[in-house]
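Peer 1: I have a structure here, written as structure tokens, and I will follow up with some questions on it.
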Amino acid sequence: MSGRLQGKVALVTGAAQGIGEASARKLAEHGAKVVISDIQVERGEQLAAELGEGCVFQHLDVRELESWEAAVAAVLGRFGRLDVLVNNAGGGAGGPIEREPLSEHLRLMGLNVTGVWAGMRTVVRPMAAQGSGSIVNISSIDGLVGVSGLASYVATKFAVTGLTRALALELGGRGIRVNSVHPGIIETPLVKKTPPSSLERLKRAVARQPIARMGRPEEIANAVLFFASDESSYCTGASLVVDGGHLAGPYRDPL
Ligand code: NAD
């Protein structure tokens with residue numbers, strides 16, 4: 001086992017499946033003690049048991065500040081420190097603006113924006129007391145460019161990019177680094193349950209990429225590992241795009 005994260009304690013949200021699960025596995029593989037948090041208790045507990053000693057499950061609903069406070073208190077009670085927070089929990093949907101109910105807009109804001117805000121707000125105190133910490137926020141390529149028909153989702157992911165940069169500035173003097181990872185189209189349960197018409201749209205988009213396939217969750221986890229480790233000690237406020245070249249430029253037929 002490589003020790004890139006030896007001695008570190010990491011909390012990953014939405015870690016029961018998808019990118020969060022892959023991140024939790026990767027951080028544990030590299031020596032971190034990982035707190036797997038999610039609202040899916042059974043899957044989360046199974047993963048913690050599989051990852052073995054030093055990894056635990058903690059119920060955490062990222063939308064609720066009280067849930068964050070209880071979860072972080074539990075982590076500190078058990079491990080005495082918290083070095084890495086991966087704000088991964090999030091979700092998609094919404095749709096064309098005239099057809100999108102206010103309730104759906106507010107649901108996405110609560111999960112994708114307030115969830116990330118609340119996590120960072122809660123870990124600042126213990127990380128600042130340690131004088132060090134790394135926060136990794138999972139935004140999206142949709143947090144860097146617009147997408148027609150997905151205004152609310154796009155707004156939430158731009159907000160994650162903005163929170164990352166604002167807090168990198170605000171917290172840098174206290175030893176806390178804040179960076180964002182921007183996945184492209186990644187084959188996770190979230191994408192697999194996309195309605196067929198949207199899935200076809202995603203497949204066409206992927207076919208035009210320089211790397212013409214969906215990404216694997218582990219490929220995002222590698223970027224999370226980099227920001228979590230001290231190898232990224234000079235990175236803060238950075239946005240790392242992991243998208244098979246999706247954002248490199250508009251598709252043209254090759255010359
Ligand atoms: P996923 O739906 O497969 O997994 C999301 C996890 O978050 C689930 O385990 C779910 O139980 C958990 N979760 C949902 N609501 C929660 C809550 N209130 N509190 C705590 N946990 C909660 O999703 P994924 O594809 O792995 O996506 C993970 C992150 O990556 C999201 O922020 C998503 O927006 C982002 N992302 C995904 C893609 C992609 O193509 N899959 C692309 C760009 C960005």
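Here's how to read the names in the structure tokens: chain A, B, ... by the order shown, residue numbers from 1 in each chain, ligand numbers from 1 in the order shown.
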Return as CSV the residues of range 96-188 of chain A lying at most 7 Å from range 235-245 of chain A, together with the closest atom-to-atom pair for each and the distance in Å to one decimal, counting only C-alpha atoms, with rows in chain order and ascending residue number.
Peer 2:
residue,atom,partner,partner_atom,distance
A:Ile141,CA,A:Val241,CA,7.0
A:Thr164,CA,A:Gly237,CA,6.0
A:Arg165,CA,A:Gly237,CA,4.6
A:Ala168,CA,A:Gly237,CA,5.0
A:Arg177,CA,A:Thr236,CA,5.0
A:Val178,CA,A:Thr236,CA,5.2
A:Asn179,CA,A:Gly237,CA,5.0
A:Ser180,CA,A:Ser239,CA,4.8
A:Val181,CA,A:Leu240,CA,4.9
A:His182,CA,A:Val241,CA,4.6
A:Pro183,CA,A:Val242,CA,5.0
A:Gly184,CA,A:Asp243,CA,3.9
A:Ile185,CA,A:Asp243,CA,6.7
Peer 1: I'd like a table as JSON lines: residues in chain A with an atom no more than 7 Å from ligand 1, each row giving the shortest atom pair and its distance in Å to one decimal, only C-alpha atoms and all ligand atoms counted, sorted by chain and rising residue number.
Peer 2:
{"residue": "A:Thr13", "atom": "CA", "partner": "ligand 1", "partner_atom_place_in_ligand_line": "21 (N)", "distance": 5.8}
{"residue": "A:Gly14", "atom": "CA", "partner": "ligand 1", "partner_atom_place_in_ligand_line": "7 (O)", "distance": 3.4}
{"residue": "A:Ala15", "atom": "CA", "partner": "ligand 1", "partner_atom_place_in_ligand_line": "9 (O)", "distance": 5.5}
{"residue": "A:Ala16", "atom": "CA", "partner": "ligand 1", "partner_atom_place_in_ligand_line": "9 (O)", "distance": 4.3}
{"residue": "A:Gln17", "atom": "CA", "partner": "ligand 1", "partner_atom_place_in_ligand_line": "9 (O)", "distance": 4.5}
{"residue": "A:Gly18", "atom": "CA", "partner": "ligand 1", "partner_atom_place_in_ligand_line": "26 (O)", "distance": 3.5}
{"residue": "A:Ile19", "atom": "CA", "partner": "ligand 1", "partner_atom_place_in_ligand_line": "26 (O)", "distance": 3.8}
{"residue": "A:Gly20", "atom": "CA", "partner": "ligand 1", "partner_atom_place_in_ligand_line": "26 (O)", "distance": 5.7}
{"residue": "A:Ser37", "atom": "CA", "partner": "ligand 1", "partner_atom_place_in_ligand_line": "20 (C)", "distance": 6.8}
{"residue": "A:Asp38", "atom": "CA", "partner": "ligand 1", "partner_atom_place_in_ligand_line": "21 (N)", "distance": 4.1}
{"residue": "A:Ile39", "atom": "CA", "partner": "ligand 1", "partner_atom_place_in_ligand_line": "20 (C)", "distance": 4.9}
{"residue": "A:Gln40", "atom": "CA", "partner": "ligand 1", "partner_atom_place_in_ligand_line": "11 (O)", "distance": 5.1}
{"residue": "A:Leu60", "atom": "CA", "partner": "ligand 1", "partner_atom_place_in_ligand_line": "20 (C)", "distance": 5.5}
{"residue": "A:Asp61", "atom": "CA", "partner": "ligand 1", "partner_atom_place_in_ligand_line": "19 (N)", "distance": 3.6}
{"residue": "A:Val62", "atom": "CA", "partner": "ligand 1", "partner_atom_place_in_ligand_line": "19 (N)", "distance": 4.1}
{"residue": "A:Arg63", "atom": "CA", "partner": "ligand 1", "partner_atom_place_in_ligand_line": "18 (N)", "distance": 5.3}
{"residue": "A:Asn88", "atom": "CA", "partner": "ligand 1", "partner_atom_place_in_ligand_line": "32 (O)", "distance": 4.8}
{"residue": "A:Ala89", "atom": "CA", "partner": "ligand 1", "partner_atom_place_in_ligand_line": "7 (O)", "distance": 4.0}
{"residue": "A:Gly90", "atom": "CA", "partner": "ligand 1", "partner_atom_place_in_ligand_line": "32 (O)", "distance": 3.5}
{"residue": "A:Gly91", "atom": "CA", "partner": "ligand 1", "partner_atom_place_in_ligand_line": "34 (O)", "distance": 4.7}
{"residue": "A:Gly92", "atom": "CA", "partner": "ligand 1", "partner_atom_place_in_ligand_line": "34 (O)", "distance": 6.0}
{"residue": "A:Leu111", "atom": "CA", "partner": "ligand 1", "partner_atom_place_in_ligand_line": "18 (N)", "distance": 5.7}
{"residue": "A:Asn112", "atom": "CA", "partner": "ligand 1", "partner_atom_place_in_ligand_line": "32 (O)", "distance": 6.6}
{"residue": "A:Ile138", "atom": "CA", "partner": "ligand 1", "partner_atom_place_in_ligand_line": "32 (O)", "distance": 5.4}
{"residue": "A:Ser139", "atom": "CA", "partner": "ligand 1", "partner_atom_place_in_ligand_line": "44 (C)", "distance": 5.7}
{"residue": "A:Ser140", "atom": "CA", "partner": "ligand 1", "partner_atom_place_in_ligand_line": "43 (C)", "distance": 4.0}
{"residue": "A:Ile141", "atom": "CA", "partner": "ligand 1", "partner_atom_place_in_ligand_line": "43 (C)", "distance": 6.3}
{"residue": "A:His182", "atom": "CA", "partner": "ligand 1", "partner_atom_place_in_ligand_line": "43 (C)", "distance": 6.3}
{"residue": "A:Pro183", "atom": "CA", "partner": "ligand 1", "partner_atom_place_in_ligand_line": "43 (C)", "distance": 4.3}
{"residue": "A:Gly184", "atom": "CA", "partner": "ligand 1", "partner_atom_place_in_ligand_line": "42 (C)", "distance": 5.0}
{"residue": "A:Ile185", "atom": "CA", "partner": "ligand 1", "partner_atom_place_in_ligand_line": "40 (O)", "distance": 3.7}
{"residue": "A:Ile186", "atom": "CA", "partner": "ligand 1", "partner_atom_place_in_ligand_line": "40 (O)", "distance": 3.7}
{"residue": "A:Glu187", "atom": "CA", "partner": "ligand 1", "partner_atom_place_in_ligand_line": "41 (N)", "distance": 5.8}
{"residue": "A:Thr188", "atom": "CA", "partner": "ligand 1", "partner_atom_place_in_ligand_line": "25 (O)", "distance": 4.7}
{"residue": "A:Pro189", "atom": "CA", "partner": "ligand 1", "partner_atom_place_in_ligand_line": "3 (O)", "distance": 4.1}
{"residue": "A:Leu190", "atom": "CA", "partner": "ligand 1", "partner_atom_place_in_ligand_line": "2 (O)", "distance": 3.9}
{"residue": "A:Val191", "atom": "CA", "partner": "ligand 1", "partner_atom_place_in_ligand_line": "41 (N)", "distance": 5.3}
Peer 1: Write down as a PDB file with N, CA, C and O atoms, in the first residue's frame the residues of range 7-100 of chain A whose backbone DSSP state falls under alpha helix (DSSP H).
Peer 2:
ATOM      1  N   GLY A  18     -20.933   5.424  -6.869  1.00  0.00           N
ATOM      2  CA  GLY A  18     -20.466   6.377  -7.884  1.00  0.00           C
ATOM      3  C   GLY A  18     -19.098   6.988  -7.585  1.00  0.00           C
ATOM      4  O   GLY A  18     -18.180   6.311  -7.099  1.00  0.00           O
ATOM      5  N   ILE A  19     -18.963   8.267  -7.882  1.00  0.00           N
ATOM      6  CA  ILE A  19     -17.683   8.968  -7.731  1.00  0.00           C
ATOM      7  C   ILE A  19     -17.253   9.004  -6.258  1.00  0.00           C
ATOM      8  O   ILE A  19     -16.061   8.881  -5.943  1.00  0.00           O
ATOM      9  N   GLY A  20     -18.222   9.153  -5.368  1.00  0.00           N
ATOM     10  CA  GLY A  20     -17.904   9.187  -3.932  1.00  0.00           C
ATOM     11  C   GLY A  20     -17.327   7.857  -3.473  1.00  0.00           C
ATOM     12  O   GLY A  20     -16.334   7.816  -2.737  1.00  0.00           O
ATOM     13  N   GLU A  21     -17.943   6.768  -3.909  1.00  0.00           N
ATOM     14  CA  GLU A  21     -17.438   5.433  -3.540  1.00  0.00           C
ATOM     15  C   GLU A  21     -16.015   5.246  -4.082  1.00  0.00           C
ATOM     16  O   GLU A  21     -15.119   4.797  -3.366  1.00  0.00           O
ATOM     17  N   ALA A  22     -15.818   5.588  -5.349  1.00  0.00           N
ATOM     18  CA  ALA A  22     -14.489   5.423  -5.950  1.00  0.00           C
ATOM     19  C   ALA A  22     -13.458   6.275  -5.213  1.00  0.00           C
ATOM     20  O   ALA A  22     -12.311   5.849  -5.014  1.00  0.00           O
ATOM     21  N   SER A  23     -13.864   7.469  -4.794  1.00  0.00           N
ATOM     22  CA  SER A  23     -12.937   8.349  -4.065  1.00  0.00           C
ATOM     23  C   SER A  23     -12.591   7.744  -2.714  1.00  0.00           C
ATOM     24  O   SER A  23     -11.420   7.741  -2.302  1.00  0.00           O
ATOM     25  N   ALA A  24     -13.616   7.235  -2.020  1.00  0.00           N
ATOM     26  CA  ALA A  24     -13.371   6.625  -0.704  1.00  0.00           C
ATOM     27  C   ALA A  24     -12.405   5.444  -0.849  1.00  0.00           C
ATOM     28  O   ALA A  24     -11.453   5.292  -0.066  1.00  0.00           O
ATOM     29  N   ARG A  25     -12.636   4.617  -1.874  1.00  0.00           N
ATOM     30  CA  ARG A  25     -11.744   3.468  -2.098  1.00  0.00           C
ATOM     31  C   ARG A  25     -10.315   3.936  -2.360  1.00  0.00           C
ATOM     32  O   ARG A  25      -9.341   3.393  -1.842  1.00  0.00           O
ATOM     33  N   LYS A  26     -10.187   4.948  -3.191  1.00  0.00           N
ATOM     34  CA  LYS A  26      -8.847   5.443  -3.578  1.00  0.00           C
ATOM     35  C   LYS A  26      -8.109   6.025  -2.366  1.00  0.00           C
ATOM     36  O   LYS A  26      -6.920   5.754  -2.167  1.00  0.00           O
ATOM     37  N   LEU A  27      -8.806   6.819  -1.560  1.00  0.00           N
ATOM     38  CA  LEU A  27      -8.148   7.445  -0.410  1.00  0.00           C
ATOM     39  C   LEU A  27      -7.721   6.373   0.606  1.00  0.00           C
ATOM     40  O   LEU A  27      -6.632   6.448   1.177  1.00  0.00           O
ATOM     41  N   ALA A  28      -8.585   5.366   0.778  1.00  0.00           N
ATOM     42  CA  ALA A  28      -8.244   4.277   1.717  1.00  0.00           C
ATOM     43  C   ALA A  28      -7.044   3.487   1.192  1.00  0.00           C
ATOM     44  O   ALA A  28      -6.119   3.145   1.943  1.00  0.00           O
ATOM     45  N   GLU A  29      -7.053   3.234  -0.123  1.00  0.00           N
ATOM     46  CA  GLU A  29      -5.951   2.489  -0.749  1.00  0.00           C
ATOM     47  C   GLU A  29      -4.609   3.189  -0.529  1.00  0.00           C
ATOM     48  O   GLU A  29      -3.565   2.559  -0.429  1.00  0.00           O
ATOM     49  N   VAL A  41     -27.731   4.148   4.115  1.00  0.00           N
ATOM     50  CA  VAL A  41     -27.019   3.556   5.247  1.00  0.00           C
ATOM     51  C   VAL A  41     -26.450   2.174   4.897  1.00  0.00           C
ATOM     52  O   VAL A  41     -25.270   1.907   5.128  1.00  0.00           O
ATOM     53  N   GLU A  42     -27.290   1.325   4.296  1.00  0.00           N
ATOM     54  CA  GLU A  42     -26.858  -0.059   4.085  1.00  0.00           C
ATOM     55  C   GLU A  42     -25.639  -0.144   3.170  1.00  0.00           C
ATOM     56  O   GLU A  42     -24.632  -0.790   3.498  1.00  0.00           O
ATOM     57  N   ARG A  43     -25.724   0.533   2.033  1.00  0.00           N
ATOM     58  CA  ARG A  43     -24.586   0.503   1.082  1.00  0.00           C
ATOM     59  C   ARG A  43     -23.340   1.109   1.700  1.00  0.00           C
ATOM     60  O   ARG A  43     -22.224   0.640   1.487  1.00  0.00           O
ATOM     61  N   GLY A  44     -23.537   2.196   2.449  1.00  0.00           N
ATOM     62  CA  GLY A  44     -22.399   2.871   3.089  1.00  0.00           C
ATOM     63  C   GLY A  44     -21.723   1.973   4.104  1.00  0.00           C
ATOM     64  O   GLY A  44     -20.491   1.881   4.164  1.00  0.00           O
ATOM     65  N   GLU A  45     -22.548   1.289   4.908  1.00  0.00           N
ATOM     66  CA  GLU A  45     -21.976   0.400   5.932  1.00  0.00           C
ATOM     67  C   GLU A  45     -21.239  -0.769   5.288  1.00  0.00           C
ATOM     68  O   GLU A  45     -20.183  -1.176   5.768  1.00  0.00           O
ATOM     69  N   GLN A  46     -21.808  -1.278   4.197  1.00  0.00           N
ATOM     70  CA  GLN A  46     -21.143  -2.396   3.497  1.00  0.00           C
ATOM     71  C   GLN A  46     -19.772  -1.976   2.990  1.00  0.00           C
ATOM     72  O   GLN A  46     -18.793  -2.694   3.099  1.00  0.00           O
ATOM     73  N   LEU A  47     -19.719  -0.783   2.412  1.00  0.00           N
ATOM     74  CA  LEU A  47     -18.438  -0.302   1.872  1.00  0.00           C
ATOM     75  C   LEU A  47     -17.421  -0.116   2.997  1.00  0.00           C
ATOM     76  O   LEU A  47     -16.253  -0.508   2.860  1.00  0.00           O
ATOM     77  N   ALA A  48     -17.862   0.465   4.115  1.00  0.00           N
ATOM     78  CA  ALA A  48     -16.945   0.680   5.246  1.00  0.00           C
ATOM     79  C   ALA A  48     -16.403  -0.663   5.728  1.00  0.00           C
ATOM     80  O   ALA A  48     -15.201  -0.804   5.984  1.00  0.00           O
ATOM     81  N   ALA A  49     -17.281  -1.664   5.808  1.00  0.00           N
ATOM     82  CA  ALA A  49     -16.854  -2.994   6.274  1.00  0.00           C
ATOM     83  C   ALA A  49     -15.853  -3.590   5.285  1.00  0.00           C
ATOM     84  O   ALA A  49     -14.849  -4.185   5.675  1.00  0.00           O
ATOM     85  N   GLU A  50     -16.107  -3.372   3.993  1.00  0.00           N
ATOM     86  CA  GLU A  50     -15.211  -3.920   2.969  1.00  0.00           C
ATOM     87  C   GLU A  50     -13.825  -3.256   3.033  1.00  0.00           C
ATOM     88  O   GLU A  50     -12.798  -3.912   2.862  1.00  0.00           O
ATOM     89  N   LEU A  51     -13.825  -1.936   3.261  1.00  0.00           N
ATOM     90  CA  LEU A  51     -12.535  -1.220   3.261  1.00  0.00           C
ATOM     91  C   LEU A  51     -11.722  -1.521   4.514  1.00  0.00           C
ATOM     92  O   LEU A  51     -10.514  -1.305   4.534  1.00  0.00           O
ATOM     93  N   LEU A  65     -27.492  21.423   8.233  1.00  0.00           N
ATOM     94  CA  LEU A  65     -26.329  21.884   9.003  1.00  0.00           C
ATOM     95  C   LEU A  65     -26.155  21.070  10.290  1.00  0.00           C
ATOM     96  O   LEU A  65     -25.030  20.743  10.679  1.00  0.00           O
ATOM     97  N   GLU A  66     -27.280  20.714  10.916  1.00  0.00           N
ATOM     98  CA  GLU A  66     -27.197  19.937  12.176  1.00  0.00           C
ATOM     99  C   GLU A  66     -26.574  18.565  11.901  1.00  0.00           C
ATOM    100  O   GLU A  66     -25.829  18.033  12.726  1.00  0.00           O
ATOM    101  N   SER A  67     -26.888  18.000  10.736  1.00  0.00           N
ATOM    102  CA  SER A  67     -26.351  16.699  10.382  1.00  0.00           C
ATOM    103  C   SER A  67     -24.833  16.804  10.206  1.00  0.00           C
ATOM    104  O   SER A  67     -24.060  15.932  10.639  1.00  0.00           O
ATOM    105  N   TRP A  68     -24.394  17.885   9.575  1.00  0.00           N
ATOM    106  CA  TRP A  68     -22.947  18.130   9.419  1.00  0.00           C
ATOM    107  C   TRP A  68     -22.270  18.253  10.784  1.00  0.00           C
ATOM    108  O   TRP A  68     -21.198  17.684  11.018  1.00  0.00           O
ATOM    109  N   GLU A  69     -22.910  19.038  11.675  1.00  0.00           N
ATOM    110  CA  GLU A  69     -22.270  19.280  12.974  1.00  0.00           C
ATOM    111  C   GLU A  69     -22.125  17.975  13.747  1.00  0.00           C
ATOM    112  O   GLU A  69     -21.080  17.699  14.340  1.00  0.00           O
ATOM    113  N   ALA A  70     -23.176  17.137  13.684  1.00  0.00           N
ATOM    114  CA  ALA A  70     -23.126  15.845  14.389  1.00  0.00           C
ATOM    115  C   ALA A  70     -22.071  14.940  13.756  1.00  0.00           C
ATOM    116  O   ALA A  70     -21.308  14.259  14.461  1.00  0.00           O
ATOM    117  N   ALA A  71     -22.000  14.922  12.423  1.00  0.00           N
ATOM    118  CA  ALA A  71     -21.060  14.025  11.740  1.00  0.00           C
ATOM    119  C   ALA A  71     -19.615  14.440  12.014  1.00  0.00           C
ATOM    120  O   ALA A  71     -18.763  13.590  12.319  1.00  0.00           O
ATOM    121  N   VAL A  72     -19.344  15.733  11.926  1.00  0.00           N
ATOM    122  CA  VAL A  72     -17.953  16.185  12.139  1.00  0.00           C
ATOM    123  C   VAL A  72     -17.555  15.986  13.604  1.00  0.00           C
ATOM    124  O   VAL A  72     -16.423  15.569  13.897  1.00  0.00           O
ATOM    125  N   ALA A  73     -18.506  16.200  14.517  1.00  0.00           N
ATOM    126  CA  ALA A  73     -18.207  15.936  15.938  1.00  0.00           C
ATOM    127  C   ALA A  73     -17.877  14.452  16.129  1.00  0.00           C
ATOM    128  O   ALA A  73     -16.950  14.100  16.874  1.00  0.00           O
ATOM    129  N   ALA A  74     -18.609  13.588  15.442  1.00  0.00           N
ATOM    130  CA  ALA A  74     -18.353  12.141  15.567  1.00  0.00           C
ATOM    131  C   ALA A  74     -16.965  11.791  15.012  1.00  0.00           C
ATOM    132  O   ALA A  74     -16.233  10.996  15.604  1.00  0.00           O
ATOM    133  N   VAL A  75     -16.604  12.395  13.893  1.00  0.00           N
ATOM    134  CA  VAL A  75     -15.277  12.135  13.298  1.00  0.00           C
ATOM    135  C   VAL A  75     -14.178  12.583  14.267  1.00  0.00           C
ATOM    136  O   VAL A  75     -13.204  11.853  14.518  1.00  0.00           O
ATOM    137  N   LEU A  76     -14.340  13.780  14.820  1.00  0.00           N
ATOM    138  CA  LEU A  76     -13.315  14.298  15.730  1.00  0.00           C
ATOM    139  C   LEU A  76     -13.252  13.458  17.000  1.00  0.00           C
ATOM    140  O   LEU A  76     -12.170  13.201  17.527  1.00  0.00           O
ATOM    141  N   GLY A  77     -14.422  13.008  17.468  1.00  0.00           N
ATOM    142  CA  GLY A  77     -14.465  12.164  18.667  1.00  0.00           C
ATOM    143  C   GLY A  77     -13.723  10.858  18.429  1.00  0.00           C
ATOM    144  O   GLY A  77     -13.012  10.359  19.299  1.00  0.00           O
ATOM    145  N   ARG A  78     -13.847  10.313  17.237  1.00  0.00           N
ATOM    146  CA  ARG A  78     -13.238   9.012  16.949  1.00  0.00           C
ATOM    147  C   ARG A  78     -11.762   9.116  16.580  1.00  0.00           C
ATOM    148  O   ARG A  78     -10.933   8.330  17.024  1.00  0.00           O
ATOM    149  N   PHE A  79     -11.451  10.094  15.720  1.00  0.00           N
ATOM    150  CA  PHE A  79     -10.079  10.146  15.170  1.00  0.00           C
ATOM    151  C   PHE A  79      -9.241  11.317  15.715  1.00  0.00           C
ATOM    152  O   PHE A  79      -8.036  11.358  15.497  1.00  0.00           O
TER     153      PHE A  79
END
Peer 1: Restricting the calculation to only C-alpha atoms, which member of A:Gly94, A:Leu106, A:Glu170, A:Pro101 is positioned closest to Arg121 in chain A?
Peer 2: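 Looking only at the distances to Arg121 in chain A, the closest residue turns out to be A:Glu170.
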Peer 1: Between A:Leu171, A:Gly110, A:Leu247, A:Gly54, which one has atoms that come closest to Gly143 in chain A, using only C-alpha atoms?
Peer 2: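 Using only C-alpha atoms, the shortest distance to Gly143 in chain A belongs to A:Leu247.
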Peer 1: Smallest atom-to-atom distance to Asp83 in chain A: which of A:Arg208, A:Leu255, A:Val123, A:Ala166, using only C-alpha atoms?
Peer 2: A:Val123
Peer 1: What does the structure give for the distance between CA of Arg81 in chain A and CA of Ala159 in chain A, in Å to one decimal?
Peer 2: 27.9 Å
Peer 1: Taking 5 positions as the minimum chain separation for residues in the same chain, which residues sit within 9 Å of Gly3 in chain A when counting only C-alpha atoms? Answer as a PyMOL selection string.
Peer 2: chain A and resi 29-32
